[in-house]
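K.L.:
Mind having a look at this structure? Questions to follow.
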Amino acid sequence: DFKVVTTNVLNYFLTLGQRGADTQAELDRQTEKLITALSELDAEVFALVEVENSETAQAAQAIADALNAALPARAYVAATAQAGVALVGDDLIRVDLLFDSAKLTMVGELAVLEDADLDPAQYALPVFNGVSTNRSPLAVTLRTADDLLVTFCV
């Protein structure tokens, strides 16, 4: 058994003054509240919504690192960091998945759904890429210690 939690991290941005915190003090307070809440839930998998989407500021991995400090028995990693994926779609925010790598291992490639994956005859494009569109979902398959494969999409 393992616990899965989905949460909106409310524009968690490491880049100050974008959509999240305007100052370092605000970011520190946001981080403290977020890590306190996630630590209490103590899940093996966290599906995150509204994380900064940046090639340089890896907000999801920063959350994983802070959780690892708060829960030393865990070894959280962001799926995008594990896969070497910097950007998910082209919006300022994205989704991501954190998982406890001491209990679960990523299998295969991380998948991101984008407009290029859609049949233009069936969809009014753009759906995922461009202004006022949906955020690109990502899918990750994880293997449990007893060899069960579970695919998550967020």
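Each chain in the structure tokens gets a letter, A, B and so on, in the order shown; residues start at 1 in every chain, and ligands are counted from 1 in the order they appear.
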Do you know which residues are at most 10 Å from Ala60 of chain A counting only C-alpha atoms, after dropping those on the same chain fewer than 4 positions away, and could you put them as a PyMOL selection string?
P.N.:
chain A and resi 9+12-14+48-53+64-66+77-81+94-98
K.L.:
For segment 140-150 of chain A, please output as an MDAnalysis selection string all residues within 6 Å (counting only C-alpha atoms; exclusion window: fewer than 3 positions along the same chain).
P.N.:
chainID A and resid 104:107 110
K.L.:
Taking only C-alpha atoms into account, which of A:Leu27, A:Val4, A:Ala102, A:Ala83 comes nearest Ala62 of chain A?
P.N.:
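Among A:Leu27, A:Val4, A:Ala102, A:Ala83, it is A:Leu27 that comes nearest to Ala62 of chain A.
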K.L.:
Kindly indicate which residue among A:Leu71, A:Val154, A:Ala47, A:Ala21 lies nearest to Val112 of chain A, using only C-alpha atoms for the distances.
P.N.:
A:Val154
K.L.:
Do you have the atom CA of Phe2 of chain A-atom CA of Phe152 of chain A distance handy?
P.N.:
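Going from atom CA of Phe2 of chain A over to atom CA of Phe152 of chain A covers 13.1 Å.
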K.L.:
Taking 4 positions as the minimum chain separation for residues in the same chain, which residues sit within 8 Å of Val127 of chain A when counting only C-alpha atoms? Answer as a ChimeraX atom specification.
P.N.:
/A:114-115,123,133-134
K.L.:
Using DSSP on the backbone, list every residue of chain A that comes out as alpha helix (DSSP H), and give them as an MDAnalysis selection string.
P.N.:
chainID A and resid 24:41 59:70 79:83
K.L.:
Go ahead and save the picked residues with C-alpha atoms, as a PDB file, in the first residue's frame.
P.N.:
ATOM      1  CA  GLN A  24      12.270  35.985  -0.020  1.00  0.00           C
ATOM      2  CA  ALA A  25      10.415  36.298   3.298  1.00  0.00           C
ATOM      3  CA  GLU A  26       7.122  35.485   1.522  1.00  0.00           C
ATOM      4  CA  LEU A  27       8.713  32.509  -0.251  1.00  0.00           C
ATOM      5  CA  ASP A  28      10.131  31.246   3.051  1.00  0.00           C
ATOM      6  CA  ARG A  29       6.701  31.502   4.674  1.00  0.00           C
ATOM      7  CA  GLN A  30       5.026  29.810   1.676  1.00  0.00           C
ATOM      8  CA  THR A  31       7.615  27.017   1.749  1.00  0.00           C
ATOM      9  CA  GLU A  32       7.273  26.488   5.496  1.00  0.00           C
ATOM     10  CA  LYS A  33       3.470  26.229   5.292  1.00  0.00           C
ATOM     11  CA  LEU A  34       3.632  23.910   2.270  1.00  0.00           C
ATOM     12  CA  ILE A  35       6.242  21.568   3.742  1.00  0.00           C
ATOM     13  CA  THR A  36       4.418  21.443   7.083  1.00  0.00           C
ATOM     14  CA  ALA A  37       1.185  20.424   5.328  1.00  0.00           C
ATOM     15  CA  LEU A  38       2.827  17.882   3.011  1.00  0.00           C
ATOM     16  CA  SER A  39       4.879  16.404   5.859  1.00  0.00           C
ATOM     17  CA  GLU A  40       1.704  15.792   7.854  1.00  0.00           C
ATOM     18  CA  LEU A  41       0.243  13.897   4.895  1.00  0.00           C
ATOM     19  CA  ALA A  59      10.617  24.516  -7.959  1.00  0.00           C
ATOM     20  CA  ALA A  60       9.289  20.946  -7.816  1.00  0.00           C
ATOM     21  CA  GLN A  61      12.714  19.546  -6.910  1.00  0.00           C
ATOM     22  CA  ALA A  62      13.090  22.303  -4.307  1.00  0.00           C
ATOM     23  CA  ILE A  63       9.856  21.053  -2.702  1.00  0.00           C
ATOM     24  CA  ALA A  64      11.213  17.486  -2.817  1.00  0.00           C
ATOM     25  CA  ASP A  65      14.482  18.591  -1.188  1.00  0.00           C
ATOM     26  CA  ALA A  66      12.624  20.448   1.576  1.00  0.00           C
ATOM     27  CA  LEU A  67      10.410  17.408   2.191  1.00  0.00           C
ATOM     28  CA  ASN A  68      13.493  15.189   2.416  1.00  0.00           C
ATOM     29  CA  ALA A  69      14.911  17.513   5.080  1.00  0.00           C
ATOM     30  CA  ALA A  70      11.617  17.412   7.009  1.00  0.00           C
ATOM     31  CA  ALA A  79       9.704  13.137 -11.799  1.00  0.00           C
ATOM     32  CA  THR A  80      10.801  15.908 -14.169  1.00  0.00           C
ATOM     33  CA  ALA A  81      14.195  16.167 -12.440  1.00  0.00           C
ATOM     34  CA  GLN A  82      14.598  12.378 -12.521  1.00  0.00           C
ATOM     35  CA  ALA A  83      13.810  12.386 -16.260  1.00  0.00           C
TER      36      ALA A  83
END
K.L.:
I need the residues of segment 87-125 of chain A that end up classed as strand (DSSP E or B) by DSSP on the backbone, written out as a list in words.
P.N.:
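Filtering segment 87-125 of chain A down to strand (DSSP E or B) leaves Ile93, Arg94, Val95, Asp96, Leu97, Leu98, Phe99, Asp100, Thr105, Met106, Val107, Gly108, Glu109, Leu110, Ala111 and Val112 of chain A.
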K.L.:
With only C-alpha atoms as the basis for distance, which of A:Pro120, A:Pro137, A:Gly108, A:Pro72 is at the shortest distance from Asp90 of chain A?
P.N.:
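Using only C-alpha atoms, Asp90 of chain A sits closest to A:Pro137.
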K.L.:
Which distance in Å separates atom CA of Phe99 of chain A and atom CA of Ala86 of chain A, to one decimal?
P.N.:
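For atom CA of Phe99 of chain A relative to atom CA of Ala86 of chain A, the distance reads 17.3 Å.
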K.L.:
Could you check how far atom CA of Ile93 of chain A sits from atom CA of Glu109 of chain A, in Å to one decimal?
P.N.:
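According to the coordinates, atom CA of Ile93 of chain A and atom CA of Glu109 of chain A are separated by 21.3 Å.
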K.L.:
Using only C-alpha atoms, which of A:Leu138, A:Leu16, A:Leu10, A:Ala124 sits nearest Val88 of chain A?
P.N.:
A:Leu138
